[in-house]
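Colleague: Next comes the structure file entry_16.cif, holding mmCIF, C-alpha atoms.
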```cif
data_my_file
#
loop_
_atom_site.label_atom_id
_atom_site.label_comp_id
_atom_site.auth_asym_id
_atom_site.auth_seq_id
_atom_site.Cartn_x
_atom_site.Cartn_y
_atom_site.Cartn_z
CA MET A 16 -6.72 23.86 27.17
CA GLN A 17 -9.42 21.23 27.01
CA ASN A 18 -8.29 17.68 27.70
CA PRO A 19 -11.26 15.41 27.00
CA ARG A 20 -11.04 11.64 26.82
CA PRO A 21 -10.75 10.37 23.25
CA GLY A 22 -14.14 9.71 21.69
CA PRO A 23 -15.43 6.16 21.29
CA ARG A 24 -14.41 5.95 17.65
CA LEU A 25 -10.82 6.90 18.49
CA ARG A 26 -10.73 4.64 21.57
CA TYR A 27 -11.82 1.76 19.37
CA TRP A 28 -8.99 2.31 16.93
CA LEU A 29 -6.40 2.76 19.64
CA LEU A 30 -7.39 -0.65 21.00
CA ALA A 31 -8.20 -2.49 17.80
CA THR A 32 -5.29 -1.50 15.57
CA GLY A 33 -2.13 -3.51 16.02
CA TYR A 34 1.33 -2.09 16.45
CA TRP A 35 3.56 -3.16 13.57
CA LEU A 36 7.06 -2.02 12.72
CA LEU A 37 9.36 -3.06 9.90
CA LEU A 38 12.50 -4.54 11.38
CA SER A 39 14.57 -3.07 8.57
CA PHE A 40 13.82 0.51 9.67
CA SER A 41 16.99 1.80 11.25
CA SER A 42 17.00 4.48 13.91
CA ALA A 43 18.88 7.63 13.05
CA ALA A 44 20.21 7.54 16.61
CA ASP A 45 22.59 4.87 15.30
CA PHE A 46 24.18 7.36 12.94
CA ILE A 47 24.06 10.90 14.34
CA ALA A 48 25.38 12.88 17.26
CA PRO A 49 22.63 14.70 19.19
CA SER A 50 21.59 18.28 18.39
CA GLU A 51 23.54 18.54 15.15
CA ARG A 52 22.73 18.62 11.49
CA TRP A 53 23.58 15.24 10.04
CA ASN A 54 26.85 15.30 8.14
CA GLU A 55 27.08 13.76 4.69
CA LYS A 56 28.51 10.48 5.91
CA MET A 57 25.84 10.01 8.57
CA ILE A 58 22.90 10.80 6.29
CA ASP A 59 24.30 8.61 3.51
CA LYS A 60 24.67 5.67 5.88
CA TRP A 61 21.11 6.16 7.15
CA TYR A 62 19.65 6.42 3.66
CA SER A 63 21.49 3.31 2.48
CA THR A 64 19.30 1.30 4.89
CA GLN A 65 16.05 2.76 3.59
CA PRO A 66 13.78 1.60 0.77
CA TRP A 67 12.78 3.82 -2.12
CA PHE A 68 9.96 5.99 -0.79
CA VAL A 69 6.83 6.60 -2.86
CA GLY A 70 3.66 8.18 -1.55
CA SER A 71 1.24 11.08 -1.59
CA ASN A 72 0.52 14.28 0.24
CA TYR A 73 -2.36 13.11 2.37
CA ILE A 74 -5.46 14.59 3.93
CA THR A 75 -8.66 12.66 4.56
CA SER A 76 -11.07 13.19 1.68
CA ASN A 77 -13.77 14.40 4.10
CA ALA A 78 -11.61 17.27 5.41
CA ILE A 79 -11.11 20.61 3.69
CA ASN A 80 -7.90 21.45 5.54
CA GLN A 81 -5.48 20.40 8.28
CA ILE A 82 -7.66 21.75 11.08
CA GLU A 83 -10.68 19.75 10.00
CA MET A 84 -8.58 16.62 9.65
CA TRP A 85 -7.13 16.87 13.17
CA GLN A 86 -9.86 18.44 15.34
CA GLY A 87 -11.56 16.07 17.72
CA ASP A 88 -15.05 16.35 16.25
CA SER A 89 -13.93 15.61 12.70
CA PHE A 90 -10.92 13.31 13.11
CA ASP A 91 -11.91 10.07 11.36
CA PRO A 92 -9.77 6.95 12.01
CA PRO A 93 -11.93 4.57 9.90
CA GLN A 94 -11.61 6.93 6.92
CA ILE A 95 -7.85 7.10 7.40
CA ASP A 96 -7.68 3.32 7.58
CA ARG A 97 -9.63 2.89 4.34
CA GLU A 98 -7.66 5.45 2.41
CA LEU A 99 -4.22 4.37 3.60
CA GLY A 100 -5.25 0.84 2.71
CA TRP A 101 -5.79 1.98 -0.88
CA ALA A 102 -2.35 3.58 -0.85
CA GLN A 103 -0.72 0.44 0.53
CA ASN A 104 -2.44 -1.65 -2.12
CA ILE A 105 -0.60 0.18 -4.91
CA GLY A 106 2.77 0.01 -3.17
CA MET A 107 3.00 3.37 -1.42
CA ASN A 108 5.07 3.40 1.75
CA THR A 109 4.99 7.02 2.92
CA MET A 110 2.56 9.94 3.22
CA ARG A 111 3.30 13.64 3.72
CA VAL A 112 0.82 14.92 6.30
CA PHE A 113 0.27 18.50 7.46
CA LEU A 114 -0.19 19.36 11.14
CA HIS A 115 -1.59 22.60 12.63
CA ASP A 116 -0.52 24.62 15.65
CA LEU A 117 -4.04 25.81 16.53
CA VAL A 118 -5.27 22.27 17.10
CA TRP A 119 -2.48 21.82 19.65
CA GLN A 120 -3.32 25.16 21.26
CA GLN A 121 -6.95 24.12 21.61
CA ASP A 122 -6.41 20.60 22.97
CA ALA A 123 -2.84 19.33 23.31
CA LYS A 124 -3.71 16.04 24.96
CA GLY A 125 -6.43 15.19 22.46
CA TYR A 126 -4.19 16.18 19.57
CA GLN A 127 -1.49 13.88 20.88
CA GLN A 128 -3.93 10.99 21.04
CA ARG A 129 -5.13 11.65 17.51
CA ILE A 130 -1.62 11.84 16.05
CA ASP A 131 -0.73 8.61 17.81
CA ALA A 132 -3.87 6.99 16.44
CA PHE A 133 -2.88 8.12 12.94
CA LEU A 134 0.60 6.65 13.41
CA THR A 135 -0.86 3.36 14.61
CA ILE A 136 -3.06 3.10 11.52
CA ALA A 137 -0.28 4.14 9.16
CA ASN A 138 2.04 1.61 10.77
CA ARG A 139 -0.45 -1.19 10.14
CA HIS A 140 -0.33 -0.25 6.46
CA ARG A 141 3.49 -0.20 6.34
CA ILE A 142 3.44 3.57 5.78
CA ARG A 143 5.88 5.92 7.50
CA PRO A 144 4.68 9.53 7.30
CA ILE A 145 6.57 12.77 6.89
CA PHE A 146 4.85 15.34 9.09
CA VAL A 147 4.78 18.98 7.97
CA ILE A 148 4.94 21.31 10.95
CA PHE A 149 4.32 24.75 9.41
CA ASP A 150 2.91 25.90 6.06
CA SER A 151 2.83 29.27 4.25
CA CYS A 152 0.26 28.32 1.59
CA TRP A 153 -3.28 29.58 1.03
CA ASP A 154 -5.49 31.28 3.66
CA PRO A 155 -3.41 33.28 6.18
CA PHE A 156 -6.21 33.48 8.74
CA PRO A 157 -6.88 29.99 10.13
CA LYS A 158 -9.68 29.54 12.64
CA LEU A 159 -10.65 26.71 14.94
CA GLY A 160 -14.12 25.19 14.96
CA MET A 161 -16.31 24.21 12.06
CA GLN A 162 -14.52 24.89 8.78
CA ARG A 163 -16.17 26.51 5.80
CA ASP A 164 -17.59 24.51 2.90
CA PRO A 165 -15.51 24.22 -0.26
CA ARG A 166 -15.87 27.10 -2.68
CA PRO A 167 -17.62 25.58 -5.72
CA GLY A 168 -15.26 24.68 -8.52
CA VAL A 169 -12.07 25.97 -6.85
CA HIS A 170 -8.81 24.14 -6.11
CA ASN A 171 -7.91 23.96 -2.39
CA SER A 172 -10.34 26.72 -1.43
CA GLY A 173 -10.22 26.02 2.31
CA TRP A 174 -6.57 25.22 3.05
CA VAL A 175 -5.03 27.35 5.81
CA GLN A 176 -1.57 28.50 6.83
CA SER A 177 0.17 27.56 10.06
CA PRO A 178 1.04 29.73 11.88
CA GLY A 179 -1.37 32.33 10.59
CA ALA A 180 -0.67 35.97 9.76
CA LYS A 181 -1.64 37.22 13.22
CA ALA A 182 0.85 34.91 14.91
CA LEU A 183 3.62 35.83 12.48
CA GLN A 184 3.10 39.54 13.14
CA ASP A 185 3.07 39.18 16.93
CA PRO A 186 6.56 38.83 18.50
CA ASN A 187 4.85 37.92 21.77
CA ASP A 188 3.61 34.72 20.14
CA ARG A 189 7.12 33.31 19.64
CA PRO A 190 7.13 31.44 22.99
CA ARG A 191 3.94 29.65 21.96
CA ILE A 192 5.43 28.65 18.60
CA ALA A 193 8.61 27.49 20.31
CA ALA A 194 6.62 25.48 22.84
CA TYR A 195 4.64 23.81 20.05
CA VAL A 196 7.77 22.75 18.17
CA LYS A 197 9.45 21.47 21.33
CA TRP A 198 6.28 19.59 22.29
CA ILE A 199 6.22 17.85 18.91
CA PHE A 200 9.82 16.73 19.14
CA SER A 201 9.65 15.84 22.81
CA THR A 202 6.67 13.61 22.04
CA TRP A 203 7.63 12.01 18.69
CA GLY A 204 11.27 12.85 18.07
CA LYS A 205 12.26 9.29 18.98
CA ASP A 206 9.35 7.52 17.25
CA PRO A 207 10.63 5.23 14.45
CA ARG A 208 7.18 5.12 12.87
CA ILE A 209 7.90 8.62 11.53
CA LEU A 210 10.15 8.88 8.48
CA ALA A 211 11.11 12.57 8.58
CA TRP A 212 9.96 16.08 9.48
CA ASP A 213 9.21 18.82 6.96
CA MET A 214 9.77 21.93 9.05
CA TRP A 215 8.00 24.48 6.82
CA ASN A 216 6.14 24.06 3.56
CA GLU A 217 7.02 26.70 0.94
CA PRO A 218 7.97 29.31 3.54
CA ASP A 219 8.42 32.04 0.93
CA ASN A 220 5.09 31.45 -0.81
CA LEU A 221 3.17 34.75 -0.89
CA ASN A 222 0.08 33.27 -2.60
CA GLU A 223 0.05 35.83 -5.40
CA ASN A 224 -2.88 34.21 -7.21
CA SER A 225 -5.14 33.77 -4.19
CA TYR A 226 -4.54 35.58 -0.87
CA ALA A 227 -1.73 38.03 -1.70
CA ARG A 228 -3.59 41.11 -0.50
CA LEU A 229 -4.10 39.53 2.95
CA GLU A 230 -0.48 38.56 3.53
CA PRO A 231 1.62 40.42 6.15
CA PRO A 232 3.99 42.88 4.45
CA GLU A 233 7.10 41.47 6.15
CA LYS A 234 6.07 37.81 5.97
CA GLN A 235 9.15 36.55 4.16
CA LYS A 236 11.66 38.34 6.41
CA VAL A 237 9.86 37.15 9.53
CA ILE A 238 9.90 33.54 8.36
CA GLU A 239 13.55 33.66 7.29
CA ASP A 240 14.41 34.32 10.91
CA LEU A 241 11.76 32.06 12.39
CA LEU A 242 12.63 29.06 10.23
CA VAL A 243 16.18 29.00 11.58
CA ARG A 244 14.78 29.04 15.10
CA VAL A 245 12.35 26.22 14.28
CA PHE A 246 15.23 24.00 13.19
CA VAL A 247 17.15 24.88 16.37
CA TRP A 248 14.15 24.23 18.65
CA ALA A 249 13.60 20.86 17.00
CA ARG A 250 17.22 19.78 17.32
CA GLU A 251 17.27 20.70 21.00
CA LYS A 252 15.12 17.59 21.49
CA ARG A 253 17.57 15.35 19.61
CA PRO A 254 15.19 13.75 17.10
CA ILE A 255 16.17 10.46 15.50
CA GLN A 256 14.46 11.45 12.22
CA PRO A 257 15.99 13.76 9.61
CA LEU A 258 14.67 17.31 9.11
CA THR A 259 14.04 19.16 5.86
CA SER A 260 12.28 22.07 4.16
CA ALA A 261 11.72 21.96 0.39
CA VAL A 262 12.84 24.53 -2.14
CA TRP A 263 10.19 24.94 -4.77
CA LYS A 264 10.83 27.72 -7.30
CA GLY A 265 13.66 29.57 -9.03
CA ASP A 266 17.15 28.47 -10.04
CA TRP A 267 19.13 26.25 -7.64
CA SER A 268 21.94 25.48 -10.08
CA SER A 269 24.56 27.33 -8.01
CA ASN A 270 24.86 28.77 -4.53
CA GLU A 271 25.06 32.28 -5.97
CA LYS A 272 21.58 31.96 -7.46
CA LEU A 273 19.88 30.92 -4.22
CA THR A 274 17.66 33.33 -2.31
CA THR A 275 18.19 33.93 1.40
CA MET A 276 15.24 31.67 2.20
CA GLU A 277 16.57 28.88 0.00
CA ARG A 278 19.95 29.09 1.69
CA VAL A 279 18.28 28.78 5.08
CA GLN A 280 16.30 25.76 3.89
CA LEU A 281 19.20 23.93 2.25
CA ASP A 282 21.82 24.81 4.87
CA HIS A 283 19.68 23.48 7.73
CA SER A 284 18.15 20.39 6.10
CA ASP A 285 19.45 16.89 6.75
CA ILE A 286 17.83 15.62 3.56
CA VAL A 287 17.44 17.90 0.54
CA SER A 288 13.85 18.23 -0.63
CA PHE A 289 12.14 20.03 -3.48
CA HIS A 290 8.85 20.52 -5.30
CA ASN A 291 8.39 20.35 -9.04
CA TYR A 292 5.26 20.06 -11.17
CA GLY A 293 7.06 20.28 -14.49
CA PRO A 294 7.64 17.69 -17.21
CA PRO A 295 10.30 14.98 -16.97
CA ALA A 296 13.23 17.03 -18.31
CA GLU A 297 12.56 19.79 -15.78
CA PHE A 298 12.22 17.28 -12.95
CA GLU A 299 15.54 15.61 -13.80
CA LYS A 300 17.28 18.97 -14.17
CA ARG A 301 16.25 19.89 -10.61
CA ILE A 302 17.67 16.62 -9.30
CA GLU A 303 20.96 17.29 -11.08
CA TRP A 304 21.12 20.76 -9.51
CA LEU A 305 20.65 19.33 -6.01
CA LYS A 306 23.07 16.41 -6.29
CA ARG A 307 25.97 18.70 -5.31
CA TYR A 308 24.74 18.63 -1.70
CA ASN A 309 25.63 14.91 -1.45
CA ARG A 310 22.50 14.19 0.55
CA PRO A 311 19.37 12.10 -0.02
CA ILE A 312 16.88 13.94 -2.22
CA PHE A 313 13.13 13.88 -1.63
CA CYS A 314 10.59 15.36 -4.04
CA THR A 315 7.77 16.14 -1.64
CA GLU A 316 5.38 17.55 -4.25
CA TYR A 317 4.91 16.63 -7.92
CA MET A 318 2.26 15.28 -10.33
CA ALA A 319 0.12 17.69 -12.32
CA ARG A 320 -1.16 15.67 -15.25
CA PRO A 321 -1.91 18.52 -17.72
CA LYS A 322 1.61 19.89 -17.21
CA GLY A 323 3.31 16.65 -18.15
CA SER A 324 4.11 15.69 -14.56
CA THR A 325 2.60 12.20 -14.47
CA PHE A 326 3.38 9.02 -12.60
CA GLU A 327 4.54 7.27 -15.76
CA ALA A 328 6.86 10.15 -16.66
CA ILE A 329 8.29 11.00 -13.24
CA LEU A 330 8.56 7.81 -11.20
CA PRO A 331 11.15 6.10 -13.46
CA ILE A 332 13.42 9.15 -13.10
CA ALA A 333 12.91 9.27 -9.35
CA LYS A 334 13.70 5.56 -9.06
CA LYS A 335 16.84 5.94 -11.18
CA TYR A 336 18.24 8.44 -8.67
CA LYS A 337 16.54 6.92 -5.59
CA VAL A 338 14.70 10.20 -5.09
CA ALA A 339 11.66 9.85 -2.83
CA ALA A 340 8.57 10.75 -4.86
CA ILE A 341 5.52 12.14 -3.06
CA ASN A 342 2.76 13.38 -5.33
CA TRP A 343 0.09 15.88 -4.38
CA GLY A 344 -3.15 14.25 -3.42
CA LEU A 345 -4.34 10.74 -2.69
CA VAL A 346 -8.16 10.81 -2.67
CA ALA A 347 -10.44 13.35 -4.36
CA GLY A 348 -12.52 15.13 -1.76
CA LYS A 349 -13.21 18.45 -0.08
CA THR A 350 -9.89 20.00 -1.03
CA GLN A 351 -10.95 19.72 -4.69
CA THR A 352 -7.33 19.55 -5.78
CA TYR A 353 -8.30 17.42 -8.74
CA LEU A 354 -9.21 20.82 -10.20
CA PRO A 355 -6.38 22.92 -11.71
CA TRP A 356 -4.76 25.98 -10.12
CA ASP A 357 -6.43 28.32 -12.62
CA SER A 358 -9.79 27.48 -11.06
CA TRP A 359 -9.06 30.40 -8.69
CA GLN A 360 -9.50 32.69 -11.68
CA HIS A 361 -12.02 30.56 -13.58
CA PRO A 362 -13.99 28.29 -11.20
CA TYR A 363 -15.14 24.96 -12.63
CA THR A 364 -18.77 25.47 -11.70
CA ASP A 365 -20.27 24.63 -15.10
CA ARG A 366 -17.81 22.00 -16.33
CA GLN A 367 -15.31 19.37 -15.29
CA PRO A 368 -11.62 19.50 -16.21
CA GLU A 369 -10.60 17.47 -19.23
CA GLU A 370 -8.12 15.71 -16.96
CA TRP A 371 -7.72 15.61 -13.19
CA PHE A 372 -4.92 17.85 -11.97
CA HIS A 373 -4.02 15.86 -8.81
CA GLU A 374 -5.28 12.80 -6.84
CA VAL A 375 -4.99 9.06 -7.37
CA PHE A 376 -8.36 7.72 -6.19
CA ASP A 377 -11.97 8.76 -6.30
CA ALA A 378 -13.82 8.94 -2.98
CA ASP A 379 -15.05 5.35 -3.37
CA GLY A 380 -11.52 3.98 -3.72
CA LYS A 381 -11.63 3.48 -7.48
CA PRO A 382 -8.43 4.71 -9.16
CA TYR A 383 -8.89 7.73 -11.40
CA LYS A 384 -6.90 5.82 -14.00
CA GLN A 385 -6.50 2.11 -13.48
CA GLN A 386 -3.38 2.05 -15.65
CA GLU A 387 -1.79 4.60 -13.33
CA ALA A 388 -2.52 2.54 -10.25
CA ASP A 389 -1.18 -0.58 -12.00
CA PHE A 390 1.97 1.30 -13.00
CA ILE A 391 2.62 2.57 -9.45
CA ARG A 392 2.12 -0.94 -8.08
CA GLN A 393 4.45 -2.38 -10.69
CA ILE A 394 7.30 0.12 -10.31
CA THR A 395 7.25 0.02 -6.51
CA SER A 396 7.36 -3.77 -6.45
CA ARG A 397 10.48 -4.13 -8.57
#
```
Represent the structure from my file as structure tokens, please.
Modeller:
Amino acid sequence: MQNPRPGPRLRYWLLATGYWLLLSFSSAADFIAPSERWNEKMIDKWYSTQPWFVGSNYITSNAINQIEMWQGDSFDPPQIDRELGWAQNIGMNTMRVFLHDLVWQQDAKGYQQRIDAFLTIANRHRIRPIFVIFDSCWDPFPKLGMQRDPRPGVHNSGWVQSPGAKALQDPNDRPRIAAYVKWIFSTWGKDPRILAWDMWNEPDNLNENSYARLEPPEKQKVIEDLLVRVFVWAREKRPIQPLTSAVWKGDWSSNEKLTTMERVQLDHSDIVSFHNYGPPAEFEKRIEWLKRYNRPIFCTEYMARPKGSTFEAILPIAKKYKVAAINWGLVAGKTQTYLPWDSWQHPYTDRQPEEWFHEVFDADGKPYKQQEADFIRQITSR
């Protein structure tokens, strides 16, 4: 592995950014016995000390995917500082941020420095991130190095899975995956700047409308087993932050209706999390389904304007139940997720969508809709 000194831009930010921490943030170590899933009493006591969390899924607007965001040549602290400043200005206090195992494999020491730099910047903006460790969405063949250009007119055309299909199909790669998880939690499992850990994003997503033909045939069965191990490896390091993995499709109204993967996710999570891009009634129904777990509820993906999932419609419901609300997308950029999902079938090469699908800000920091930004600022300040 290469272990270069951080570049001058990163060294500048490590020195110039201050270290700030809200005194009200309580350590989970106050509430939980080591190496165990938090029981209902512990997690309720922890959550009672926390504010209502509102934020976005975040990637720098000049990165097409997680690898480009975190690699040494393209990691951009000033861009992060600008964009998290915009988020702070409208009252956001968390970001959901995806990591990637290949960046660690390439340069563990440099990756550590870059994650710490990100945390320092986020901390200055009163933002506590949720880091996503693994992800089953989009391209199953991630590669290091220069990433491809966005496919014109297509939503999230360069996002990559972690671990990729080759790693999932190779049992000999399990020690590397285990080492990566243990490294993460050995390094940051006691860091109060981090709000929580999302262990695996949509682990049973087979990408039917994009990369289905490239997916490993036994992907879901492999991940069902691996996800349990990922939770165990993480808890071996006794993290002070809660762990989760979000359910995102189907019917969760009773235990009998859950899939095997959903049972793994819900049975091992300290906080219950979910995704929903539906209108308000659908969003509230999902919350009602999950209340039986008697745990804090986080919605870690929502907000698709043409589908009726808007800030004005969803945030009042989330606040009513103290459900953390983390929309997809902060700044329009190389991911092109302001374009709708159907752009995979009908690319927007000769037109613009009538309404942005995701994102809050344009690349220059101007809100897509000023009334939205004003509403977020207002509801988070009350």
Colleague: With all atoms listed in the file as the counted atoms, please give the residues lying no more than 7 Å from A:Gly323, apart from itself and same-chain residues fewer than 4 positions off, as a PyMOL selection string.
Modeller: chain A and resi 293-294+319
Colleague: Would you mind reading off the distance between atom CA of A:Arg397 and atom CA of A:Glu98, one decimal, in Å?
Modeller: 23.3 Å
Colleague: I'd like the interatomic distance between atom CA of A:Asp88 and atom CA of A:Met107, to a tenth of an Å.
Modeller: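 Interatomic distance here is 28.4 Å.
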Colleague: Write out as a list of chain:residue names each polymer residue whose atoms come within 7 Å of A:Pro218, counting all atoms listed in the file; drop sequence neighbours fewer than 2 positions from it.
Modeller: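 Within the cut-off, the hits are A:Asp150, A:Ser151, A:Trp215, A:Asn216, A:Asn220, A:Ile238.
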Colleague: Just to confirm, what's the straight-line distance from atom CA of A:Asn54 to atom CA of A:Val262 in Å (one decimal)?
Modeller: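 Between these atoms lies a distance of 19.7 Å.
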Colleague: Would you pick out the contacts of A:Trp174 at 7 Å or less, using all atoms listed in the file, so that residues sharing its chain but fewer than 5 positions from it are not included, and give the list as a count of residues only?
Modeller: 4
Colleague: Taking (-7.2, 1.3, -5.7) in the file's coordinates as the center, which residues reach within 10 Å of it, counting all atoms listed in the file, put as a VMD selection string?
Modeller: chain A and resid 98 100 to 105 375 to 377 379 to 385 387 to 389 392
Colleague: Restricting it to C-alpha atoms, dump the selection as a CSV table (one decimal), keeping the file's coordinate frame.
Modeller:
```csv
chain,number,residue,atom,x,y,z
A,98,GLU,CA,-7.7,5.4,2.4
A,100,GLY,CA,-5.2,0.8,2.7
A,101,TRP,CA,-5.8,2.0,-0.9
A,102,ALA,CA,-2.4,3.6,-0.8
A,103,GLN,CA,-0.7,0.4,0.5
A,104,ASN,CA,-2.4,-1.6,-2.1
A,105,ILE,CA,-0.6,0.2,-4.9
A,375,VAL,CA,-5.0,9.1,-7.4
A,376,PHE,CA,-8.4,7.7,-6.2
A,377,ASP,CA,-12.0,8.8,-6.3
A,379,ASP,CA,-15.0,5.4,-3.4
A,380,GLY,CA,-11.5,4.0,-3.7
A,381,LYS,CA,-11.6,3.5,-7.5
A,382,PRO,CA,-8.4,4.7,-9.2
A,383,TYR,CA,-8.9,7.7,-11.4
A,384,LYS,CA,-6.9,5.8,-14.0
A,385,GLN,CA,-6.5,2.1,-13.5
A,387,GLU,CA,-1.8,4.6,-13.3
A,388,ALA,CA,-2.5,2.5,-10.2
A,389,ASP,CA,-1.2,-0.6,-12.0
A,392,ARG,CA,2.1,-0.9,-8.1
```
Colleague: Would you pick out the contacts of A:Ala193 at 9 Å or less, using only C-alpha atoms, so that residues sharing its chain but fewer than 5 positions from it are not included, and give the list as a list in words?
Modeller: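 Neighbouring residues, sequence-local ones excluded: Asp188, Trp198, Arg244, Val245, Trp248 and Ala249 of chain A.
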Colleague: Identify, on the basis of only C-alpha atoms, every residue whose closest approach to A:Pro232 does not exceed 12 Å; exclude the query and any residue fewer than 2 positions from it along the same chain; express the result as a list in words.
Modeller: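 Those residues are Ala180, Lys181, Leu183, Gln184, Leu221, Ala227, Arg228, Leu229, Glu230, Lys234, Gln235, Lys236, Val237 and Ile238 of chain A.
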Colleague: Using only C-alpha atoms, what does the table of stretch 278-358 of chain A residues within 9 Å of stretch 55-77 of chain A look like, with each row giving the shortest atom pair and its distance in Å to one decimal, sorted by chain and ascending number, as a Markdown table?
Modeller:
```
| residue | atom | partner | partner_atom | distance |
| --- | --- | --- | --- | --- |
| A:Asp285 | CA | A:Ile58 | CA | 7.0 |
| A:Ile286 | CA | A:Ile58 | CA | 7.5 |
| A:Tyr308 | CA | A:Glu55 | CA | 8.4 |
| A:Asn309 | CA | A:Glu55 | CA | 6.4 |
| A:Arg310 | CA | A:Glu55 | CA | 6.2 |
| A:Pro311 | CA | A:Tyr62 | CA | 6.8 |
| A:Phe313 | CA | A:Phe68 | CA | 8.5 |
| A:Thr315 | CA | A:Asn72 | CA | 7.7 |
| A:Glu316 | CA | A:Asn72 | CA | 7.4 |
| A:Leu330 | CA | A:Val69 | CA | 8.6 |
| A:Lys334 | CA | A:Trp67 | CA | 7.2 |
| A:Lys337 | CA | A:Trp67 | CA | 6.0 |
| A:Val338 | CA | A:Trp67 | CA | 7.3 |
| A:Ala339 | CA | A:Phe68 | CA | 4.7 |
| A:Ala340 | CA | A:Val69 | CA | 4.9 |
| A:Ile341 | CA | A:Gly70 | CA | 4.6 |
| A:Asn342 | CA | A:Ser71 | CA | 4.6 |
| A:Trp343 | CA | A:Asn72 | CA | 4.9 |
| A:Gly344 | CA | A:Asn72 | CA | 5.2 |
| A:Leu345 | CA | A:Ser71 | CA | 5.7 |
| A:Val346 | CA | A:Ser76 | CA | 5.7 |
| A:Ala347 | CA | A:Ser76 | CA | 6.1 |
| A:Gly348 | CA | A:Ser76 | CA | 4.2 |
| A:Lys349 | CA | A:Asn77 | CA | 5.8 |
| A:Thr350 | CA | A:Ser76 | CA | 7.4 |
```
Colleague: Kindly export the residues of the current selection with C-alpha atoms, as a PDB file, keeping the file's coordinate frame.
Modeller:
```pdb
ATOM      1  CA  ASP A 285      19.450  16.890   6.750  1.00  0.00           C
ATOM      2  CA  ILE A 286      17.830  15.620   3.560  1.00  0.00           C
ATOM      3  CA  TYR A 308      24.740  18.630  -1.700  1.00  0.00           C
ATOM      4  CA  ASN A 309      25.630  14.910  -1.450  1.00  0.00           C
ATOM      5  CA  ARG A 310      22.500  14.190   0.550  1.00  0.00           C
ATOM      6  CA  PRO A 311      19.370  12.100  -0.020  1.00  0.00           C
ATOM      7  CA  PHE A 313      13.130  13.880  -1.630  1.00  0.00           C
ATOM      8  CA  THR A 315       7.770  16.140  -1.640  1.00  0.00           C
ATOM      9  CA  GLU A 316       5.380  17.550  -4.250  1.00  0.00           C
ATOM     10  CA  LEU A 330       8.560   7.810 -11.200  1.00  0.00           C
ATOM     11  CA  LYS A 334      13.700   5.560  -9.060  1.00  0.00           C
ATOM     12  CA  LYS A 337      16.540   6.920  -5.590  1.00  0.00           C
ATOM     13  CA  VAL A 338      14.700  10.200  -5.090  1.00  0.00           C
ATOM     14  CA  ALA A 339      11.660   9.850  -2.830  1.00  0.00           C
ATOM     15  CA  ALA A 340       8.570  10.750  -4.860  1.00  0.00           C
ATOM     16  CA  ILE A 341       5.520  12.140  -3.060  1.00  0.00           C
ATOM     17  CA  ASN A 342       2.760  13.380  -5.330  1.00  0.00           C
ATOM     18  CA  TRP A 343       0.090  15.880  -4.380  1.00  0.00           C
ATOM     19  CA  GLY A 344      -3.150  14.250  -3.420  1.00  0.00           C
ATOM     20  CA  LEU A 345      -4.340  10.740  -2.690  1.00  0.00           C
ATOM     21  CA  VAL A 346      -8.160  10.810  -2.670  1.00  0.00           C
ATOM     22  CA  ALA A 347     -10.440  13.350  -4.360  1.00  0.00           C
ATOM     23  CA  GLY A 348     -12.520  15.130  -1.760  1.00  0.00           C
ATOM     24  CA  LYS A 349     -13.210  18.450  -0.080  1.00  0.00           C
ATOM     25  CA  THR A 350      -9.890  20.000  -1.030  1.00  0.00           C
TER      26      THR A 350
END
```
Colleague: Do you know which residues the PyMOL selection byres ((chain A and resi 164) around 8) returns on this file, as a PyMOL selection string?
Modeller: chain A and resi 79+162-163+165-166+173
Colleague: Counting only C-alpha atoms, which residue out of A:Pro92, A:Gly204, A:Gly179, A:Pro155 sits closest to A:Phe133?
Modeller: A:Pro92
Colleague: Give the answer as one residue: which of A:Tyr363, A:Tyr336, A:Phe298, A:Trp267 has the shortest atom-to-atom distance to A:Ile312, using all atoms listed in the file?
Modeller: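 Closest to A:Ile312 of all the choices is A:Tyr336.
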Colleague: Select, from A:Pro257, A:Pro190, A:Pro178, A:Gly106, the residue with the minimum atom-to-atom distance to A:Lys205, counting only C-alpha atoms.
Modeller: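 Ranked by minimum distance to A:Lys205, first place goes to A:Pro257.
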